[in-house]
Amino acid sequence: MKNIHEAALRAVIERTGAQNGDIIFFGADKEKVVNDALGALRCKIGHDKGYVNGSAWEPLWVVDFPMFEYDEEAKRWTACHHPFTAPKDEHLALLESDPGKCLAKAYDLALNGSELGGGSVRIHKAEVQSQVFRALNIGAEEAQLKFGFLLDALQYGAPPHGGLAFGLDRIVTMMTGSESIRDVIAFPKTQRAQCLLTQAPSAVDERQLRDLHIRLRQQVQTTAEISQA
């Protein structure tokens with residue numbers, strides 16, 4: 001509160017209609033920081049206070065995702081979903097003028113606050129794909145080098161197409177009332193991506209490394225290790 005001036009505090013109270021005894025949670029920062037922080041807070045309070053209805057299954061479609069987010073470090077726009085997601089038809093002009101306001105034809109399916117699956121409608125026109133690449137600061141030469149096969153294929157025509165990928169393990173987690181998807185996966189990997197059943201990843205022999213032109217370098221010993229030896 002000490003960092004918020006009086007006029008802003010009055011505006012918050014007026015907008016919320018808060019009365020004595022009410023609690024207001026609000027944030028003041030960049031939009032993404034505030035959204036992430038208050039979103040996590042909402043989920044925390046909802047579960048801790050029992051506001052989540054665990055007896056009923058309430059599905060929800062989440063739509064109108066942004067196409068891009070700005071990378072402050074790289075000083076450029078990046079794709080929120082992937083660079084082949086189609087923008088909304090009415091937002092095509094924003095690709096050149098204001099990418100930050102451009103919304104995508106992307107969607108998620110959530111159930112009781114857990115994401116079950118997601119997907120998008122893909123770009124099927126070469127000129128739109130080129131516009132998206134330009135918004136991402138990918139020049140024509142780089143785009144042709146990395147994605148020339150796609151741009152060339154789109155020149156011949158492609159129908160509108162999209163997809164949706166479901167997370168079956170998450171669905172089973174909810175059906176069984178488990179707290180983690182690891183509880184319903186037969187052989188879950190460790191946090192280091194190791195499989196305790198098959199002992200994967202396993203050792204690679206020298207011939208395989210040569211075939212892939214990979215050379216392993218011995219770990220450099222520290223001064224302390226050398227002195228101890």
# chains A, B, ... in the order shown; residues from 1 in each chain; ligands from 1
>>> residues_around(residues="region 147-159 of chain A", least_positions_apart="2", cutoff="7 Å", atoms="only C-alpha atoms", output="number ranges by chain")
A: 124-126, 143-145, 161
>>> residues_around(residues="Gly27 (chain A)", least_positions_apart="2", cutoff="8 Å", atoms="only C-alpha atoms", output="ChimeraX atom specification")
/A:25,29,34,37-38
>>> select_by_dssp(residues="region 63-226 of chain A", states="alpha helix (DSSP H)", output="PyMOL selection string")
chain A and resi 94-97+126-135+140-155+168-176+206-211+223-226
>>> residues_around(residues="region 70-84 of chain A", least_positions_apart="4", cutoff="6 Å", atoms="only C-alpha atoms", output="PyMOL selection string")
chain A and resi 122-123+136
>>> residues_around(residues="Cys102 (chain A)", least_positions_apart="3", cutoff="6 Å", atoms="only C-alpha atoms", output="PyMOL selection string")
chain A and resi 67+91+94+99
>>> write_last_selection(atoms="C-alpha atoms", output="CSV table (one decimal), in the first residue's frame")
chain,number,residue,atom,x,y,z
A,67,MET,CA,-0.6,-14.3,-30.4
A,91,HIS,CA,-6.8,-9.1,-36.3
A,94,LEU,CA,-2.5,-5.9,-36.2
A,99,PRO,CA,1.3,-7.4,-32.6
>>> closest_residue(among="A:Glu96, A:Glu90, A:Glu115, A:Asp108", to="Phe133 (chain A)", atoms="only C-alpha atoms")
A:Glu96
>>> atom_distance(atom1="CA of Ala203 (chain A)", atom2="CA of Thr190 (chain A)")
17.5 Å
>>> atom_distance(atom1="CA of Thr173 (chain A)", atom2="CA of Gly46 (chain A)")
19.5 Å
>>> atom_distance(atom1="CA of Leu111 (chain A)", atom2="CA of Met175 (chain A)")
11.3 Å
>>> residues_around(residues="region 53-65 of chain A", least_positions_apart="3", cutoff="9 Å", atoms="only C-alpha atoms", output="list in words")
Gly50, Phe68, Cys80, His81, Lys88, Cys102, Leu103, Ala104, Lys105, Ala106, Tyr107, Asp108, Leu109, Ala110, Leu111, Asn112 and Gly113 of chain A
